[in-house]
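Novice: Before I ask anything, here is the structure I am working with.
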Amino acid sequence: MKQKYLPLTATILIFVLSYALCVMQFPNMLSTRVIGNLLTDNAFLGIAAVGMTFVILSGGIDLSVGAVIAFTGVFLAVVLEQGGLHPLVAFALALAITTAFGALMGAIIHYLEMPAFIVTLAGMFLARGMAFVLSIDSVPIKHPFYATLKGFYYKLPGGGRITLIGGLMLLVFAVGIMIAHRTRFGTNVYALGGGAATAQLMGVPVARTTIGIYALSGLLAGLSGIVFSLYTSAGYSLAAVGVELDAITAVVIGGTLLTGGSGFVAGTLVGILIQGLIQTYITFDGTLSSWWTKILIGLLLFAFILLQKGIIRLSRVERQHA
Amino acid sequence: MTATVRTYLRRLLPQLIALAVIVIAISMVFPGFLSLQIQNGRLYGSLIDILNRGAPVVLLAIGMTVVIATKGIDLSVGAVMAICGAVAASLITSGHSLAETLLATLVVGILCGVWNGLLVAILDIQPIIATLVLMVAGRGIAQLVTEGAILTFNHPGLIFIGSGSFAGLPMPVVIWLIFGVLVALLVRQTALGMLIEAIGVNRQASTLSGVLTPVLLIAAYVLSGLCAAIAGIIAAADIRGADANNAGLWLELDAILAVVVGGTSLLGGRFSIAASVLGAIIIQAINTGILLSGFPPEFNLIIKAAIIVFILVLQSPRFRTAFTFVRLPRATGKPTEREAK
């Protein structure tokens, strides 16, 4: 088997094994209801994590995701409740703003040659600050269109539902996989992650790709914000704190190399599902406290970083012997 | 000697000017801002309040400066603060003496630092990711210690650390002053500071020229853990309880911001602890200023973002080359520092 599939295989194996263990203890977990809820509850995180996958594949990082989600939620709530716009118009406006915001961060990272970490940190402060300025209270969204959207779902055999937002997440993953493996932009992202200097010498348009990556991450964070506002029916400026960390964790557990250049969008989906599974298990168990989620996810993160290190070392040794 | 003082002042000049401008601006609007009173043998006033409120970030910034100088970063300090606050509160409520509690808490902070250091120095993991592990798991561990509740305590000795006073100054200020001077002396009166800068500039070259890179790297993260432990004790003592969810939340970002405002480059190398401390005080002064001026505190984050962007532009290699006209920026060709990474 090719080495690049090793982390992804490990992730899928861990997911299948842990799901089997969960089912052995609680047979009810093997129902389409649980699977449907797994998708719905993690929809906003999954969509944001697709954007994060591209950013990390290119060797960067985007800390502004959670703040952008909160900003989008508050923006939608304020515009819908006071502006009287149709939600679809408001969605388009929100996506345009967050995409432009991401593109701006990408431009600063490229043209000012600053680490992505600190630029997106400033973006995080700015987005959260703008959300605060729009409203410090939790604003409920009572637009009838939201109820209509929530009414859409595909019924699975066994009573489970793939809701609109759960389905949207799967769609975003499918499109993300297409972009990563079937377009020139996707190849450029991998090349950039493999080494910016090499990529430039190969003729990859570094400026355009960097800006595109962060614009994509901004767009998906905006979409994630829309999904989050559908999920909670409210906009709150303190919502979605730390989502960027969950997204980064999902990407790493999904087998993407943190130094960039290697990984799969599909792996991120499994990473999201593993995180969701841990939470579902703790809910089913009932005696374990919620903080075990954080500790377990931290341990899993550590294990995958070690796995990645081991694989890199192994391939280096092989190259020397070859 | 006067020459060293002069170079020192020149290094701190931008931060001192920024702080002076902020303080003067606030005091023009609020004449009472500069006034200091002595009550019950302790100084009171807005200026003292800034120094006191800023204590956790100042302490974190001291450790963060050394870590950033090695071209690293420590994202876990907020979570370590929460762990240490939880440990201190649970030990003191279970009847241990103050000395035992403090010692055990500091040891816990040091152990957290050792963990981060081992990941970075021995396993060779990127610092952002290595410290992310403890950042994610740390709050869970803290909640495990407090069993999910907010542990409150009434021990007068521990509370004294948060709200007592010594020689007219609030205890937190005394602690960070002493600790900051000790660390600054340690790194500047010995070769340690220079060796740390060497690692930040080029880790491989330092190792090849005989610097004990792994030991120094671990030591840097241990210092950061120790600072977080002290900050955690102060934060817990201040509210007389350990809040595993909110203690030190996002303070790692404030600490990084303080270091950046202090002019230490995130790309490693030269650092100044005094400048970072000034950076932390500048941030706190802005916070206090916004609160006093009656602006909604929401503007705080936007102003912070504006400061970061401003400093980024100043520090940006391209801006510098364009500004000094020494070398014209080349659009293509030589890989830049970021790209070469």
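Each chain in the structure tokens gets a letter, A, B and so on, in the order shown; residues start at 1 in every chain, and ligands are counted from 1 in the order they appear.
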Residues of chain A within 7 Å of chain B, counting only C-alpha atoms - could you list those as JSON, numbers by chain?

Specialist: {"A": [112, 113, 114, 115, 122, 123, 125, 126, 129, 132, 133, 196, 197, 291, 292, 294, 295, 298, 301, 302]}

Novice: What's around Asn246 (chain B) at 12 Å? Count only C-alpha atoms, leave out sequence neighbours fewer than 5 positions away in its own chain, and write the answer as a CSV table (one decimal) with N, CA and C atoms, in the first residue's frame.

Specialist:
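What follows is the written file part.csv:
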chain,number,residue,atom,x,y,z
A,241,VAL,N,-17.0,29.8,19.9
A,241,VAL,CA,-15.7,30.0,20.4
A,241,VAL,C,-14.9,28.7,20.3
B,78,GLY,N,-2.9,29.5,28.5
B,78,GLY,CA,-4.2,29.7,29.1
B,78,GLY,C,-4.8,28.5,29.8
B,79,ALA,N,-4.6,27.3,29.1
B,79,ALA,CA,-5.1,26.0,29.7
B,79,ALA,C,-4.3,25.7,30.9
B,80,VAL,N,-3.0,25.9,30.9
B,80,VAL,CA,-2.1,25.6,32.0
B,80,VAL,C,-2.5,26.5,33.2
B,81,MET,N,-2.9,27.8,32.9
B,81,MET,CA,-3.4,28.6,34.0
B,81,MET,C,-4.6,28.0,34.7
B,82,ALA,N,-5.5,27.5,33.8
B,82,ALA,CA,-6.7,26.8,34.4
B,82,ALA,C,-6.4,25.6,35.2
B,83,ILE,N,-5.4,24.8,34.7
B,83,ILE,CA,-5.0,23.6,35.5
B,83,ILE,C,-4.5,24.0,36.8
B,85,GLY,N,-4.7,26.8,38.5
B,85,GLY,CA,-5.7,27.4,39.4
B,85,GLY,C,-6.5,26.3,40.1
B,86,ALA,N,-6.9,25.3,39.3
B,86,ALA,CA,-7.7,24.2,39.8
B,86,ALA,C,-6.9,23.4,40.8
B,139,ARG,N,-8.0,22.1,29.4
B,139,ARG,CA,-9.2,22.6,30.1
B,139,ARG,C,-10.0,21.4,30.5
B,140,GLY,N,-9.9,20.2,29.8
B,140,GLY,CA,-10.6,19.0,30.3
B,140,GLY,C,-9.9,18.5,31.5
B,142,ALA,N,-8.3,20.4,33.7
B,142,ALA,CA,-8.7,21.3,34.8
B,142,ALA,C,-10.0,21.0,35.3
B,143,GLN,N,-11.0,20.6,34.4
B,143,GLN,CA,-12.3,20.3,34.9
B,143,GLN,C,-12.3,19.0,35.6
B,148,GLY,N,-15.7,19.7,37.6
B,148,GLY,CA,-16.7,20.4,36.8
B,148,GLY,C,-17.3,21.6,37.5
B,149,ALA,N,-17.0,21.7,38.9
B,149,ALA,CA,-17.6,22.8,39.6
B,149,ALA,C,-16.6,24.0,39.7
B,150,ILE,N,-17.0,25.1,40.1
B,150,ILE,CA,-16.1,26.2,40.4
B,150,ILE,C,-15.7,26.1,41.9
B,232,GLY,N,-1.8,31.6,37.0
B,232,GLY,CA,-3.0,30.9,37.3
B,232,GLY,C,-3.3,31.0,38.8
B,235,ALA,N,-4.7,34.5,39.3
B,235,ALA,CA,-6.1,34.7,38.7
B,235,ALA,C,-7.1,34.0,39.7
B,236,ALA,N,-6.7,32.8,40.2
B,236,ALA,CA,-7.6,32.1,41.1
B,236,ALA,C,-7.7,32.8,42.4
B,239,ILE,N,-10.2,35.9,42.3
B,239,ILE,CA,-11.6,35.7,42.4
B,239,ILE,C,-12.0,34.7,43.5
B,241,GLY,N,-11.5,31.6,43.7
B,241,GLY,CA,-12.0,30.3,43.2
B,241,GLY,C,-11.3,29.9,41.9
B,251,LEU,N,-6.1,34.1,27.0
B,251,LEU,CA,-5.0,35.0,27.5
B,251,LEU,C,-3.7,34.6,26.7

Novice: Skip Gly294 (chain B) itself and residues of its chain fewer than 6 positions away, then list as a list in words all residues within 12 Å of it, counting only C-alpha atoms.

Specialist: Ile26, Val29, Phe30, Asn287, Thr288 and Asn300 of chain B

Novice: Would you compute the distance between CA of Met124 (chain A) and CA of Tyr236 (chain A)? Give it in Å to one decimal.

Specialist: 15.4 Å

Novice: Do you know which residues are at most 9 Å from Thr210 (chain A) counting only C-alpha atoms, after dropping those on the same chain fewer than 3 positions away, and could you put them as number ranges by chain?

Specialist: A: 55, 58, 103, 106-107, 109-110, 189, 192, 205-207, 213-215

Novice: Could you tell me, as a PyMOL selection string, which residues of region 89-204 of chain B DSSP assigns to strand (DSSP E or B) when given the backbone?

Specialist: chain B and resi 151-152+165-166+169-170
